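Undergrad: Here it is, the structure, as structure tokens.
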Amino acid sequence: MSVLVTGGNGVIGSWVLHYLLERNVKPVSYDTVQEMSILSDISEKFTFVKGDVTDLFDLISCIKKYGVDRIIHAAGMVGPKCNQNPRGAIRVNCEGTLNVLEAARLSDIKRVVYFSAKSVYGAPSGVYGPPLHKKITEDHPKNPIKMYDSTKLLAENLALNYANDHGISVVTLKFPSLYGPLRVERLGFFAIVDRLINNALAGKPIQIAGGADAKEEWCYTKDCARGAVLACLAENPRFKQYHMGTGQAHSMQEVVDAVRQVIPNTQVNFGSSADYYGVGFMYNYILDITRAREDLGYEPKYYLPEGIKDYVHTMKSFGIEPVVT
């Protein structure tokens, strides 16, 4: 079996490659950049193809050349970059996903796993927001706010359309807020837990706009990747949409306390905003992961304390220097 991972050299895709290799599956990374910061230990064990999901013919050629059976589609333009370049966001996130689906249709691909985003649900309200934070299921109404959210929802709908109209086995995944090595470099200001850990490792204080009591669900990138591999290799998944995370809410003070257990000199100054980012709203849903647990055998391995410990260990073992913000 051969699995194509778009965005395979990214912060989640890199771990997808690791987990595929653990399952004795041959991975092919299809990415625009050959970032190897957390791939040096397996650099000789996977195939890298420099390519862009906006190029349908190149995608098909790659699939044919390497005998690809399944696709994990993790490539995309993220967050603020989508607001700055809406045309580019639509081209990469929407047209790029359409190309992946069309290539899958034309190449008889057995499964496509698509990385959607919890932000397609918009900002929580009522019992789903603070202070109750009732967990949401995969059937929760969608209400995108920003350009990124809108492109991810359109791409998710395209995937579901291809599943219904063309019989392609499609699984779409949504995760809570993420953290993991190299996210500061990719997301900057909005990678709040990553900024906290990186600054702490560098012995520098960090200013957080939001208050210490604001709650969020956090998922370590290794758990995201492992969940994606489970979804990719599952024989007969009963559903097309799954949540994966920890199902637990933590205040930012609890996050800071967990970081201090690993890096005692962590220095944090909290602001008074209702959200961490000072933008006026948060996507702080808590996801119900029952479906993934029961159907795919997904179980989070890295709850917050374990995730932070592994984060620091990974930074040190791969020689990644902290980025101060």
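Numbering starts fresh at 1 for the residues of each chain in the structure tokens, the chains themselves are lettered A, B, ... in the order given, and ligands are numbered from 1 as they appear.
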Within 12 Å of Glu35 of chain A, counting only C-alpha atoms, which residues show up once you throw out same-chain ones fewer than 6 positions away? Write them as a list in words, please.

TA: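 That gives Gly7, Gly8, Asn9, Gly10, Val11, Gly13, Ser14, Ser29, Ser43, Phe48, Val49, Lys50, Leu182, Glu185 and Arg186 of chain A.
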
Undergrad: Within 6 Å of segment 216-227 of chain A, counting only C-alpha atoms, which residues qualify if same-chain residues fewer than 2 places away don't, as a PyMOL selection string?

TA: chain A and resi 12+15-16+176-180+229-230+245+248-250+284+286+307

Undergrad: Just the selected residues (C-alpha atoms), exported as a PDB file, in the first residue's frame, please.

TA:
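Writing the result to result_31.pdb gives the following:
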ATOM      1  CA  ILE A  12       1.110  17.568  11.058  1.00  0.00           C
ATOM      2  CA  TRP A  15       4.035  12.992  11.907  1.00  0.00           C
ATOM      3  CA  VAL A  16       1.593  11.372   9.475  1.00  0.00           C
ATOM      4  CA  PRO A 176      -9.586  21.392  18.288  1.00  0.00           C
ATOM      5  CA  SER A 177      -6.888  24.041  18.687  1.00  0.00           C
ATOM      6  CA  LEU A 178      -3.509  22.513  17.963  1.00  0.00           C
ATOM      7  CA  TYR A 179       0.007  22.743  19.322  1.00  0.00           C
ATOM      8  CA  GLY A 180       3.235  21.114  18.210  1.00  0.00           C
ATOM      9  CA  VAL A 229      -3.704   7.442   9.782  1.00  0.00           C
ATOM     10  CA  LEU A 230      -6.428   5.483  11.579  1.00  0.00           C
ATOM     11  CA  GLY A 245      -8.951  15.673  20.043  1.00  0.00           C
ATOM     12  CA  GLN A 248     -11.131  18.094  27.588  1.00  0.00           C
ATOM     13  CA  ALA A 249     -11.214  21.840  28.263  1.00  0.00           C
ATOM     14  CA  HIS A 250      -8.342  23.659  29.946  1.00  0.00           C
ATOM     15  CA  ASN A 284     -13.346  27.446  21.676  1.00  0.00           C
ATOM     16  CA  ILE A 286     -15.091  21.283  23.006  1.00  0.00           C
ATOM     17  CA  GLY A 307       1.821  16.647  25.061  1.00  0.00           C
TER      18      GLY A 307
END

Undergrad: Can you check which residues of segment 51-258 of chain A DSSP gives as helix (DSSP H, G or I) on the backbone and send them as a ChimeraX atom specification?

TA: /A:56-65,80-84,86-107,118-121,126-128,147-166,183-190,192-201,221-233,252-258

Undergrad: Would you compute the distance between atom CA of Ala159 of chain A and atom CA of Tyr19 of chain A? Give it in Å to one decimal.

TA: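 Between atom CA of Ala159 of chain A and atom CA of Tyr19 of chain A the gap works out to 23.8 Å.
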
Undergrad: Taking only C-alpha atoms into account, produce a table as CSV in which each residue of segment 147-212 of chain A with an atom at most 9 Å from an atom of segment 67-80 of chain A appears once, together with its shortest atom pair and the distance in Å to one decimal, ordered by chain and rising number.

TA:
residue,atom,partner,partner_atom,distance
A:Met147,CA,A:Gly79,CA,8.2
A:Tyr148,CA,A:Gly79,CA,5.7
A:Asp149,CA,A:Gly79,CA,8.4
A:Arg186,CA,A:Val78,CA,8.6
A:Leu187,CA,A:Gly79,CA,7.4
A:Phe190,CA,A:Gly79,CA,8.3

Undergrad: Taking only C-alpha atoms into account, which of A:Ser169, A:Ser40, A:Ser119, A:Thr47 comes nearest Val28 of chain A?

TA: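 Checking each of A:Ser169, A:Ser40, A:Ser119, A:Thr47 against Val28 of chain A, counting only C-alpha atoms, the winner is A:Thr47.
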
Undergrad: Among segment 187-325 of chain A, which residues does DSSP mark as strand (DSSP E) when it is run on the backbone? Keep the chain and numbering as in the structure and answer as JSON, numbers by chain.

TA: {"A": [206, 207, 208, 209, 210, 215, 216, 218, 219, 220, 241, 242, 243, 250, 251, 268, 269, 270, 271, 272, 273]}

Undergrad: Quick one: residues within 9 Å of Asp295 of chain A, only C-alpha atoms counted, chain neighbours fewer than 2 positions away excluded, as a ChimeraX atom specification?

TA: /A:234,237-239,290-293,297-298

Undergrad: Mind giving me the straight-line distance from atom CA of Ile168 of chain A to atom CA of Arg105 of chain A in Å, one decimal?

TA: 6.9 Å
